[in-house]
Each structure stands twice: as C-alpha cells, then as structure tokens.
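Asks: Structure: input.cif, mmCIF, C-alpha atoms.
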```
data_start
loop_
_atom_site.label_atom_id
_atom_site.label_comp_id
_atom_site.auth_asym_id
_atom_site.auth_seq_id
_atom_site.Cartn_x
_atom_site.Cartn_y
_atom_site.Cartn_z
CA MET L 1144 33.75 -43.66 56.26
CA PRO L 1145 31.04 -45.47 54.54
CA ALA L 1146 30.72 -49.09 55.10
CA VAL L 1147 32.12 -51.27 52.39
CA ARG L 1148 29.25 -52.31 50.24
CA PRO L 1149 29.03 -55.82 49.02
CA ARG L 1150 30.19 -55.89 45.43
CA ARG L 1151 27.29 -56.39 43.08
CA PRO L 1152 27.81 -58.77 40.25
CA SER L 1153 28.11 -56.77 37.02
CA PRO L 1154 25.05 -57.28 34.83
CA LYS L 1155 26.24 -59.58 32.10
CA LEU L 1156 23.90 -61.20 29.66
CA ASP L 1157 24.71 -64.34 27.85
CA MET L 1158 24.52 -63.20 24.26
CA ASN L 1159 25.41 -66.53 22.73
CA PRO L 1160 21.86 -67.79 22.02
CA MET L 1161 20.98 -64.51 20.33
CA VAL L 1162 24.07 -64.61 18.17
CA ASP L 1163 23.42 -68.23 17.32
CA LEU L 1164 19.93 -67.33 16.22
CA ALA L 1165 21.16 -64.36 14.20
CA PHE L 1166 23.58 -66.53 12.32
CA LEU L 1167 20.96 -69.16 11.75
CA LEU L 1168 18.65 -66.56 10.22
CA VAL L 1169 21.45 -65.08 8.13
CA THR L 1170 22.19 -68.51 6.75
CA PHE L 1171 18.52 -69.13 6.07
CA PHE L 1172 17.98 -65.87 4.26
CA MET L 1173 21.21 -66.20 2.30
CA LEU L 1174 20.23 -69.61 1.06
CA THR L 1175 16.58 -68.94 0.29
CA THR L 1176 16.79 -65.47 -1.17
CA THR L 1177 16.25 -64.88 -4.82
CA PHE L 1178 16.81 -61.33 -5.76
CA ARG L 1179 13.92 -59.43 -7.13
CA THR L 1180 14.50 -58.78 -10.79
CA GLU L 1181 14.75 -55.14 -11.51
CA GLU L 1182 11.65 -53.93 -13.24
CA PRO L 1183 12.05 -51.80 -16.32
CA VAL L 1184 9.06 -49.68 -15.43
CA LEU L 1185 6.85 -49.44 -12.40
CA VAL L 1186 3.27 -50.32 -13.14
CA ASP L 1187 0.27 -50.42 -10.90
CA VAL L 1188 -1.44 -53.71 -11.72
CA PRO L 1189 -5.20 -54.29 -11.43
CA ALA L 1190 -6.67 -56.39 -8.65
CA SER L 1191 -8.38 -59.73 -9.05
CA HIS L 1192 -9.46 -62.65 -6.89
CA SER L 1193 -7.20 -65.09 -8.65
CA GLU L 1194 -4.56 -66.70 -6.48
CA ILE L 1195 -2.39 -68.46 -9.01
CA LYS L 1196 1.25 -67.96 -8.20
CA LEU L 1197 3.75 -67.54 -10.96
CA PRO L 1198 7.08 -69.35 -10.97
CA ASP L 1199 10.35 -67.43 -10.91
CA VAL L 1200 12.00 -69.31 -13.71
CA ASP L 1201 11.07 -69.85 -17.35
CA MET L 1202 9.09 -66.68 -17.62
CA LEU L 1203 8.61 -64.15 -20.32
CA LEU L 1204 6.97 -61.04 -19.00
CA ILE L 1205 5.48 -58.43 -21.30
CA THR L 1206 4.80 -55.21 -19.46
CA VAL L 1207 2.50 -52.57 -20.87
CA SER L 1208 2.88 -49.24 -19.13
CA GLU L 1209 0.16 -46.69 -18.61
CA ASP L 1210 1.26 -44.67 -21.64
CA GLY L 1211 1.27 -47.78 -23.81
CA ARG L 1212 4.96 -48.58 -24.00
CA ALA L 1213 5.90 -52.25 -24.13
CA PHE L 1214 8.71 -53.81 -22.11
CA VAL L 1215 10.07 -57.32 -22.11
CA THR L 1216 11.53 -59.20 -19.15
CA ILE L 1217 13.14 -62.53 -19.87
CA GLU L 1218 14.14 -64.74 -16.95
CA GLY L 1219 17.43 -66.60 -17.12
CA GLN L 1220 20.81 -65.18 -18.12
CA ASP L 1221 21.56 -67.92 -20.57
CA THR L 1222 18.18 -67.63 -22.28
CA ARG L 1223 18.57 -63.86 -22.56
CA ARG L 1224 21.93 -64.15 -24.23
CA ARG L 1225 20.71 -66.72 -26.72
CA VAL L 1226 17.62 -64.70 -27.55
CA LEU L 1227 19.71 -61.60 -28.20
CA GLY L 1228 21.97 -63.65 -30.46
CA MET L 1229 18.96 -64.80 -32.47
CA MET L 1230 17.52 -61.30 -32.64
CA ALA L 1231 20.87 -59.95 -33.80
CA GLY L 1232 21.03 -62.55 -36.54
CA HIS L 1233 17.46 -61.89 -37.61
CA TYR L 1234 17.78 -58.13 -37.82
CA GLY L 1235 21.44 -58.03 -38.91
CA VAL L 1236 22.52 -55.97 -35.92
CA GLY L 1237 25.92 -56.74 -34.45
CA PHE L 1238 26.60 -56.93 -30.73
CA THR L 1239 29.99 -57.12 -29.04
CA ALA L 1240 30.81 -59.78 -26.49
CA GLU L 1241 30.65 -57.15 -23.73
CA GLN L 1242 27.21 -56.05 -24.82
CA LEU L 1243 26.03 -59.66 -24.83
CA ASP L 1244 27.39 -60.11 -21.32
CA ALA L 1245 25.74 -56.91 -20.20
CA PHE L 1246 22.45 -58.09 -21.67
CA GLY L 1247 22.74 -61.30 -19.66
CA LEU L 1248 22.51 -59.21 -16.51
CA VAL L 1249 19.66 -56.99 -17.63
CA ALA L 1250 16.31 -58.48 -16.71
CA GLY L 1251 13.89 -56.10 -18.36
CA PHE L 1252 14.20 -53.51 -21.04
CA GLY L 1253 12.13 -51.41 -23.39
CA VAL L 1254 14.51 -50.26 -26.07
CA PRO L 1255 14.28 -50.86 -29.83
CA LEU L 1256 16.91 -53.27 -31.11
CA GLU L 1257 18.97 -50.76 -33.05
CA ARG L 1258 19.41 -48.67 -29.94
CA LEU L 1259 19.94 -51.61 -27.62
CA GLY L 1260 23.71 -51.77 -28.16
CA ALA L 1261 24.23 -48.14 -27.17
CA TRP L 1262 21.89 -48.58 -24.21
CA LEU L 1263 23.86 -51.60 -22.99
CA GLU L 1264 27.06 -49.54 -23.09
CA LEU L 1265 25.64 -47.24 -20.44
CA PRO L 1266 26.47 -47.92 -16.80
CA PRO L 1267 23.66 -49.90 -15.10
CA SER L 1268 22.58 -47.00 -12.90
CA GLU L 1269 22.19 -44.81 -15.93
CA ARG L 1270 20.12 -47.38 -17.83
CA MET L 1271 17.16 -47.38 -15.49
CA ARG L 1272 17.21 -43.63 -15.04
CA LEU L 1273 16.80 -42.86 -18.73
CA PRO L 1274 13.29 -43.03 -20.06
CA GLN L 1275 12.96 -46.03 -22.33
CA PRO L 1276 10.93 -45.63 -25.49
CA GLY L 1277 9.37 -49.08 -25.38
CA ILE L 1278 9.71 -51.98 -27.78
CA PRO L 1279 8.13 -51.36 -31.19
CA SER L 1280 5.12 -53.58 -31.69
CA ASP L 1281 3.34 -52.13 -34.70
CA SER L 1282 2.60 -54.18 -37.75
CA LEU L 1283 5.53 -52.83 -39.79
CA ASN L 1284 8.19 -53.36 -37.19
CA ASN L 1285 7.01 -55.86 -34.64
CA GLU L 1286 10.08 -56.49 -32.53
CA LEU L 1287 7.88 -57.53 -29.62
CA ARG L 1288 6.65 -60.51 -31.64
CA ASP L 1289 10.20 -61.53 -32.50
CA TRP L 1290 11.36 -61.28 -28.90
CA THR L 1291 8.44 -63.53 -27.95
CA VAL L 1292 9.03 -66.06 -30.72
CA PHE L 1293 12.78 -66.28 -30.15
CA THR L 1294 12.37 -66.62 -26.41
CA ARG L 1295 10.06 -69.55 -27.06
CA ILE L 1296 12.67 -71.10 -29.34
CA ALA L 1297 15.50 -70.50 -26.86
CA ASN L 1298 13.47 -71.93 -24.00
CA PRO L 1299 10.48 -74.03 -25.06
CA ARG L 1300 9.22 -74.27 -21.49
CA VAL L 1301 8.78 -70.55 -21.18
CA ARG L 1302 5.49 -69.22 -19.84
CA VAL L 1303 4.17 -65.91 -21.01
CA ALA L 1304 2.67 -63.36 -18.67
CA VAL L 1305 1.24 -59.98 -19.46
CA LYS L 1306 1.57 -57.24 -16.89
CA GLY L 1307 -0.58 -54.30 -17.78
CA ALA L 1308 -0.99 -51.06 -15.91
CA ARG L 1309 -4.45 -50.42 -14.52
CA ARG L 1310 -5.10 -47.42 -16.68
CA ALA L 1311 -3.35 -48.70 -19.81
CA PRO L 1312 -5.65 -48.31 -22.81
CA PHE L 1313 -7.20 -51.69 -23.45
CA PRO L 1314 -6.71 -51.67 -27.24
CA LEU L 1315 -2.95 -51.64 -26.69
CA VAL L 1316 -3.10 -54.60 -24.31
CA LYS L 1317 -5.42 -56.34 -26.76
CA GLU L 1318 -2.80 -55.90 -29.46
CA VAL L 1319 -0.29 -57.76 -27.30
CA MET L 1320 -2.84 -60.52 -26.60
CA ASP L 1321 -3.68 -60.80 -30.28
CA MET L 1322 0.00 -61.03 -31.10
CA LEU L 1323 0.35 -63.92 -28.64
CA VAL L 1324 -2.64 -65.77 -30.09
CA GLU L 1325 -1.30 -65.13 -33.58
CA ASN L 1326 1.86 -66.99 -32.53
CA ASN L 1327 -0.08 -69.89 -31.03
CA ILE L 1328 0.37 -68.83 -27.44
CA ASN L 1329 -3.22 -69.32 -26.38
CA ARG L 1330 -2.60 -69.78 -22.70
CA PHE L 1331 -0.99 -66.99 -20.80
CA ASN L 1332 -1.23 -65.22 -17.48
CA LEU L 1333 -2.29 -61.76 -16.54
CA ILE L 1334 -0.44 -60.40 -13.55
CA THR L 1335 -2.75 -58.98 -10.93
CA GLU L 1336 -2.60 -58.24 -7.26
CA LEU L 1337 -4.90 -59.90 -4.79
CA GLU L 1338 -8.12 -58.05 -4.13
CA ARG L 1339 -8.87 -57.71 -0.46
CA SER L 1340 -12.39 -58.99 -0.38
CA VAL L 1341 -13.80 -62.44 -0.16
CA PRO L 1342 -15.85 -63.63 -3.10
CA VAL L 1343 -19.43 -64.39 -2.15
CA GLU L 1344 -20.87 -67.69 -3.12
CA PRO L 1345 -24.38 -67.53 -4.61
CA MET A 1445 49.40 -75.63 45.24
CA SER A 1446 52.95 -76.63 44.88
CA GLU A 1447 55.79 -74.24 44.95
CA GLU A 1448 57.28 -75.48 41.69
CA PHE A 1449 55.01 -73.39 39.60
CA THR A 1450 56.57 -70.13 38.69
CA PRO A 1451 54.21 -67.15 38.35
CA ARG A 1452 54.97 -67.09 34.59
CA ALA A 1453 53.67 -70.50 34.03
CA ARG A 1454 50.68 -69.87 36.17
CA ARG A 1455 49.35 -66.81 34.46
CA PRO A 1456 47.87 -68.41 31.32
CA LEU A 1457 45.81 -70.71 33.44
CA HIS A 1458 44.07 -67.91 35.25
CA LYS A 1459 43.60 -65.32 32.55
CA GLU A 1460 40.37 -65.71 30.60
CA VAL A 1461 40.72 -65.76 26.87
CA SER A 1462 38.14 -63.34 25.55
CA ILE A 1463 37.73 -62.33 21.95
CA ASP A 1464 35.74 -59.26 21.14
CA MET A 1465 32.77 -60.66 19.29
CA ASN A 1466 31.00 -57.37 18.76
CA PRO A 1467 32.17 -56.65 15.21
CA MET A 1468 31.19 -60.13 14.13
CA VAL A 1469 27.76 -59.83 15.65
CA ASP A 1470 27.32 -56.39 14.13
CA LEU A 1471 28.10 -57.84 10.75
CA ALA A 1472 25.76 -60.75 11.28
CA PHE A 1473 22.89 -58.43 12.09
CA LEU A 1474 23.73 -56.19 9.18
CA LEU A 1475 23.55 -59.17 6.83
CA LEU A 1476 20.40 -60.38 8.48
CA THR A 1477 18.73 -57.02 7.96
CA PHE A 1478 19.89 -56.85 4.38
CA PHE A 1479 18.61 -60.27 3.44
CA MET A 1480 15.36 -59.80 5.29
CA LEU A 1481 14.66 -56.62 3.39
CA THR A 1482 15.68 -57.83 -0.05
CA THR A 1483 14.11 -61.25 0.00
CA THR A 1484 10.79 -61.68 -1.76
CA PHE A 1485 8.51 -64.27 -0.38
CA SER A 1486 5.44 -63.15 -2.20
CA LYS A 1487 5.38 -64.21 -5.77
CA PRO A 1488 3.20 -62.21 -8.13
CA GLN A 1489 -0.43 -63.22 -8.37
CA ALA A 1490 -1.76 -63.98 -11.78
CA MET A 1491 -4.93 -64.99 -13.50
CA GLU A 1492 -4.86 -67.52 -16.24
CA LEU A 1493 -6.37 -66.70 -19.57
CA VAL A 1494 -6.99 -69.22 -22.30
CA MET A 1495 -7.77 -67.66 -25.63
CA PRO A 1496 -9.43 -69.56 -28.45
CA ALA A 1497 -6.86 -70.76 -30.94
CA LYS A 1498 -6.84 -68.95 -34.23
CA PRO A 1499 -8.37 -71.05 -36.98
CA LYS A 1500 -5.96 -72.52 -39.48
CA ALA A 1501 -5.93 -71.07 -42.96
CA ASP A 1502 -7.78 -73.94 -44.61
CA GLU A 1503 -10.14 -74.53 -41.73
CA VAL A 1504 -13.72 -73.45 -42.02
CA VAL A 1505 -15.22 -72.37 -38.75
CA GLU A 1506 -18.86 -73.22 -38.62
CA GLU A 1507 -20.81 -70.85 -36.51
CA LYS A 1508 -24.04 -72.08 -35.13
CA PRO A 1509 -26.67 -69.40 -34.88
CA ILE A 1510 -27.56 -68.54 -31.31
CA LYS A 1511 -31.04 -67.64 -30.23
CA ALA A 1512 -31.21 -63.90 -29.71
CA SER A 1513 -33.04 -64.31 -26.42
CA ARG A 1514 -30.08 -66.11 -24.92
CA VAL A 1515 -27.62 -63.36 -25.74
CA VAL A 1516 -26.61 -60.63 -23.34
CA THR A 1517 -24.18 -58.01 -24.56
CA LEU A 1518 -21.86 -56.26 -22.13
CA LEU A 1519 -20.28 -53.08 -23.39
CA ILE A 1520 -17.17 -51.95 -21.54
CA GLY A 1521 -17.42 -48.24 -21.95
CA PRO A 1522 -15.24 -45.20 -21.31
CA ASP A 1523 -14.67 -43.73 -17.82
CA ASP A 1524 -15.21 -47.10 -16.09
CA ARG A 1525 -18.80 -47.29 -17.24
CA LEU A 1526 -20.47 -50.55 -18.09
CA PHE A 1527 -23.53 -51.01 -20.28
CA TRP A 1528 -25.52 -54.10 -20.99
CA TYR A 1529 -28.54 -55.18 -22.96
CA ARG A 1530 -30.47 -58.33 -23.65
CA GLY A 1531 -31.22 -59.67 -27.07
CA VAL A 1532 -30.27 -58.20 -30.39
CA GLU A 1533 -33.03 -55.99 -31.75
CA ASP A 1534 -35.01 -53.16 -30.18
CA VAL A 1535 -32.99 -53.35 -27.07
CA GLN A 1536 -33.10 -51.31 -23.90
CA VAL A 1537 -29.59 -50.48 -22.74
CA ASN A 1538 -28.94 -50.40 -19.02
CA GLU A 1539 -25.98 -49.20 -17.09
CA THR A 1540 -24.34 -50.94 -14.18
CA GLY A 1541 -21.06 -50.81 -12.32
CA TYR A 1542 -18.17 -53.16 -11.67
CA GLY A 1543 -17.93 -54.94 -8.40
CA LYS A 1544 -20.14 -56.92 -6.12
CA ASP A 1545 -23.39 -55.00 -6.31
CA GLY A 1546 -23.23 -54.23 -9.99
CA LEU A 1547 -21.79 -56.75 -12.36
CA ARG A 1548 -21.71 -59.72 -10.03
CA ASP A 1549 -25.35 -59.43 -9.05
CA LEU A 1550 -26.28 -58.90 -12.66
CA LEU A 1551 -24.45 -61.99 -13.81
CA PHE A 1552 -25.97 -64.16 -11.10
CA ARG A 1553 -29.42 -62.81 -11.94
CA LEU A 1554 -29.07 -63.28 -15.67
CA ASP A 1555 -27.66 -66.74 -15.20
CA GLY A 1556 -30.73 -67.65 -13.17
CA GLU A 1557 -33.18 -66.13 -15.63
CA ILE A 1558 -31.76 -67.26 -18.94
CA GLU A 1559 -30.96 -70.81 -19.78
CA ASP A 1560 -27.68 -71.32 -21.64
CA LEU A 1561 -26.74 -67.73 -21.28
CA VAL A 1562 -24.27 -66.43 -23.86
CA LEU A 1563 -22.33 -63.31 -23.01
CA LEU A 1564 -20.85 -61.07 -25.65
CA ILE A 1565 -18.20 -58.79 -24.21
CA LYS A 1566 -17.43 -55.78 -26.30
CA PRO A 1567 -14.63 -53.58 -25.07
CA MET A 1568 -15.03 -50.10 -26.51
CA ARG A 1569 -11.94 -48.35 -27.70
CA GLU A 1570 -11.73 -45.94 -24.76
CA CYS A 1571 -11.83 -48.60 -22.07
CA VAL A 1572 -8.82 -49.39 -19.92
CA TYR A 1573 -7.15 -52.66 -19.06
CA GLU A 1574 -8.42 -52.62 -15.49
CA ASN A 1575 -12.04 -52.81 -16.70
CA MET A 1576 -11.24 -55.93 -18.65
CA VAL A 1577 -9.51 -57.60 -15.72
CA ASP A 1578 -12.47 -56.75 -13.48
CA MET A 1579 -14.79 -58.25 -16.06
CA LEU A 1580 -12.76 -61.46 -16.40
CA ASP A 1581 -12.55 -61.71 -12.63
CA GLU A 1582 -16.31 -61.43 -12.21
CA LEU A 1583 -16.87 -63.99 -14.96
CA GLN A 1584 -14.55 -66.30 -13.08
CA ILE A 1585 -16.28 -65.72 -9.75
CA THR A 1586 -19.78 -66.22 -11.12
CA GLY A 1587 -18.65 -69.26 -13.09
CA MET A 1588 -19.88 -68.15 -16.48
CA GLN A 1589 -19.31 -70.83 -19.04
CA ARG A 1590 -20.02 -69.17 -22.35
CA TYR A 1591 -18.62 -65.84 -23.15
CA ALA A 1592 -16.82 -64.33 -26.08
CA MET A 1593 -14.80 -61.22 -26.52
CA VAL A 1594 -15.86 -59.55 -29.71
CA PRO A 1595 -14.88 -56.22 -31.23
CA GLU A 1596 -17.36 -53.39 -30.86
CA GLU A 1597 -19.59 -52.52 -33.76
CA PRO A 1598 -20.53 -49.01 -34.87
CA GLY A 1599 -24.14 -49.82 -34.06
CA ASP A 1600 -23.39 -50.20 -30.38
CA ARG A 1601 -22.02 -46.71 -30.05
CA GLU A 1602 -25.01 -45.30 -31.94
CA LEU A 1603 -27.32 -47.17 -29.63
CA LEU A 1604 -25.70 -45.64 -26.57
CA VAL A 1605 -25.89 -42.17 -28.04
CA GLN A 1606 -29.51 -42.68 -29.09
CA GLN A 1607 -30.54 -43.72 -25.62
CA GLY A 1608 -28.73 -40.76 -24.11
CA LEU A 1609 -26.18 -42.78 -22.21
CA LEU A 1610 -23.18 -41.46 -24.06
CA GLN A 1611 -22.27 -38.15 -25.65
CA GLU A 1612 -21.17 -38.26 -29.25
#
```
Go through the file and emit its structure as structure tokens.

Replies:
Amino acid sequence: MPAVRPRRPSPKLDMNPMVDLAFLLVTFFMLTTTFRTEEPVLVDVPASHSEIKLPDVDMLLITVSEDGRAFVTIEGQDTRRRVLGMMAGHYGVGFTAEQLDAFGLVAGFGVPLERLGAWLELPPSERMRLPQPGIPSDSLNNELRDWTVFTRIANPRVRVAVKGARRAPFPLVKEVMDMLVENNINRFNLITELERSVPVEP
Amino acid sequence: MSEEFTPRARRPLHKEVSIDMNPMVDLAFLLLTFFMLTTTFSKPQAMELVMPAKPKADEVVEEKPIKASRVVTLLIGPDDRLFWYRGVEDVQVNETGYGKDGLRDLLFRLDGEIEDLVLLIKPMRECVYENMVDMLDELQITGMQRYAMVPEEPGDRELLVQQGLLQE
C-alpha cells in the first residue's frame, strides 16, 4: 500500500483584485464612452501635419465622397429634429412624427429631401446598406446650402467641417467651399488624418 | 465546546457561504471588452481654413498691382503633377512633386530668393482634393504668408501644352 501522501493545498487564486479592476474599468469605459456616430459613407481622408482636434458636439460635417456625392452629418438629436422641421417648412414637404423621431437618431445621410421620408421609414439596417444618391447641391436645387443655413440657425454655435475623399475631384469640393463662403462661413475645418512624418524646420 | 449546541444549530457556523461569482465576472469582462472596442479616444484631426470673406455688393475691392517678379504661380495639375513658374510673361514652366523634396524645398528656396513672395495657386479642373490638402499643408509648414487661390486661366493650359509638359 502506498504511503499516505500529505494532502496538497488545492491551487486557489484570489480573484477578487482582478474582478475589482474589471469592474472599475467597466465603470470607466461606460462613463467616458461616446459612441462613434455612424458614417453615411466611408471616405479615405488625405493626410496633413495639422493636429487640431475637432469637438464632438456642435458640428456640421459635410462629406464629399470619391464619386462626388455630398453627405451631411449633424451632431445633436435636438438640432437635427429642428433642422428637419425648418427644411420641411421651407420645401413644403411633410414629415410624420415617427419620421422626425427617426431622423433624430440618424447622424448622417445623403438623400434628397423628397425621398428622405421614405428613406426614414426603412429599418436602420436597411438604410445604410442602400446606396444613397447624395444631397443635391447644384445651383438650381441647392439643398446642401439650405441644410447648412438651417443648421446654423438651429444651433448658432455650430462649426462646419468638410471631409473630402482623397481622390474626390477638387472642383466638387471647391463648390462646397464656395457655398460656405457665399453663406458667410469663412472659417471651417478640413478633416485630415495625421501624416506620419515630422515636419522639418528650415 | 458545550454540549448544549445541537448539530442543527452548529451547521450554519461551519459551512462557508459561497456564491458562484463566475457569471457575474463573465458579464463584467464582456462589458469591458465591448466598451473598450467601441470607445473612441481619437478625435478626428482637422486643419483650419480661413477663406477671404466675399465682398459686399456695394463694396469696391481695390486691387493693388503686384510686381510681376514677386509672383510665383503654382499649377495643381492632373495625375498628381505640380507645375510652377516665376513671373508673368515669357515664363519657363517647371515641374515638381508634392512632399518634402519637391514642394517644400521649392517654397523654402523661393521664400529665400524673393522678397515679399506672392503665391498664386491655380487648381486645374482635373486635380483631386488630396493635392489641395497637400498644398495647404506645405504652405502651413513653410509659413507662407501671402497666397491666393485663383481659378485657372485658359492661358495656363496652353502654356503647359506649348512647353510639352501636358498633352492636349
């Protein structure tokens, strides 16, 4: 018969500090997180050495995609709803209360106003999947200008940023810039990503 | 140990109360992972652009003539090409590239050679947005004070074709 071995203590780790830390981090992330606003279209932005950071609130973002479509992203649910109300009044297009609520939750879009109601009726997953035609910005029907102007009225502190795709034709981006200057928005931001090289001093 | 204690009353004292914490911890880590992945710490970078205000309807803009020798024209061409020339008449067009060795060197050199340098930036209709951002970035880095974005003129295109830099 084998000798009775001394009983080894079972390996037990004290998990409490780890769990404490996990909960601390959960709390931290829950409190600090701001969800990334869904982007209406993915664009590859050009690089620059500028390191200005943009705020999350009070922003109006005009995105120009590679094929020249324009998209608008308005920050703030309340602002969005008011802007849509003004647009509806201006163009004489009616929106139901549900559509207005749905618009409050949509950050960015690129749909002409007369089709916006039908687009808002779609389930959210469907909305982003469908190709969006872009917001009309030609001289006859410049909805982009009106979105900009009404957003400025709804929220006077709004800052305008232009997010252009690298290979977007410059004349189209210039049109957007000219439109902004035309409406006395002379100071705006161009969204870029940080270039990974250090500028050389002369 | 006294004999008064019945085994029934004794048992709760000895048995350890243990709650299975595993599901809670699993959930905590799940949430932690979720928030770590969805949170955005990096805000988008941006460059600030201040455009000249449009003149009011009744306002007369007086344009002072600039000496031709102080002017350098930069033509943002198609296919990421960049052309430049000094002066206004009988000019020799040169080609350079974006980036450190091309445009940046050129701007530093011109700034050293010409006093009160005035840059005219003419984006041609085929150029892309990235070219413009590169240009603005280099202007910012080299600290150029006077530059203007002006529309291209038909003469510029002819000039490029004449000097064999561009196909018609």

Asks: Here is a test: counting all atoms listed in the file, which residue of A:Gln1607, A:Pro1488, A:Lys1511, A:Val1532 is nearest to Ala1304 in chain L?

Replies: A:Pro1488

Asks: Since I can't run it myself right now, could you work out what the PyMOL selection byres ((chain L and resi 1291) around 9) selects here and report it as a list in words?

Replies: Leu1203, Ile1205, Val1215, Glu1286, Leu1287, Arg1288, Asp1289, Trp1290, Val1292, Phe1293, Thr1294, Arg1295, Ile1296, Val1303, Leu1323 and Asn1326 of chain L

Asks: Find, counting all atoms listed in the file, the residue in A:Lys1508, A:Arg1553, A:Arg1530, A:Arg1514 that gets nearest to chain L.

Replies: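 Selected residue with least distance to chain L: A:Arg1553.
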
Asks: Given the file shown, determine the residues that the PyMOL selection byres ((chain A) within 10 of (chain L)) selects; report them as a VMD selection string.

Replies: chain A and resid 1465 1468 to 1499 1544 1548 to 1549 1552 1567 to 1582 1584 to 1586

Asks: Using CA of Ala1245 in chain L and CA of Asp1221 in chain L as the two end points, give the distance in Å to one decimal.

Replies: 11.8 Å

Asks: Of the residues A:Val1594, A:Leu1604, A:Leu1583, A:Val1504, which is the one nearest to Leu1550 in chain A, using only C-alpha atoms?

Replies: A:Leu1583

Asks: So what do you get for CA of Ala1592 in chain A versus CA of Gln1611 in chain A, distance-wise?

Replies: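 We find that CA of Ala1592 in chain A and CA of Gln1611 in chain A lie 26.7 Å from each other.
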
Asks: What does the PyMOL selection byres ((chain L and resi 1250) around 6) select in this file, as a PyMOL selection string?

Replies: chain L and resi 1216+1249+1251

Asks: For those residues, write C-alpha atoms to a file as a CSV table (one decimal), in the frame of the given file.

Replies:
```csv
chain,number,residue,atom,x,y,z
L,1216,THR,CA,11.5,-59.2,-19.2
L,1249,VAL,CA,19.7,-57.0,-17.6
L,1251,GLY,CA,13.9,-56.1,-18.4
```

Asks: Work out how far apart CA of Gly1608 in chain A and CA of Glu1557 in chain A are and give it in Å to one decimal.

Replies: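 Rounded to one decimal, the two atoms are 27.1 Å apart.
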
Asks: For range 1279-1285 of chain L, please output as a tab-separated table (two decimals) with C-alpha atoms, in the coordinates of the input all residues within 10 Å (counting all atoms listed in the file; exclusion window: fewer than 5 positions along the same chain).

Replies:
```tsv
chain	number	residue	atom	x	y	z
L	1212	ARG	CA	4.96	-48.58	-24.00
L	1213	ALA	CA	5.90	-52.25	-24.13
L	1214	PHE	CA	8.71	-53.81	-22.11
L	1253	GLY	CA	12.13	-51.41	-23.39
L	1254	VAL	CA	14.51	-50.26	-26.07
L	1255	PRO	CA	14.28	-50.86	-29.83
L	1256	LEU	CA	16.91	-53.27	-31.11
L	1290	TRP	CA	11.36	-61.28	-28.90
L	1315	LEU	CA	-2.95	-51.64	-26.69
L	1318	GLU	CA	-2.80	-55.90	-29.46
L	1319	VAL	CA	-0.29	-57.76	-27.30
L	1322	MET	CA	0.00	-61.03	-31.10
```

Asks: For range 1568-1577 of chain A, take all atoms listed in the file, fit an axis-aligned box around them, add 6 Å to each of the six sides, then output centre and edge lengths in Å rounded to one decimal, as AutoDock Vina command-line options.

Replies:
```
--center_x -11.1 --center_y -51.8 --center_z -21.6 --size_x 19.9 --size_y 23.7 --size_z 24.2
```
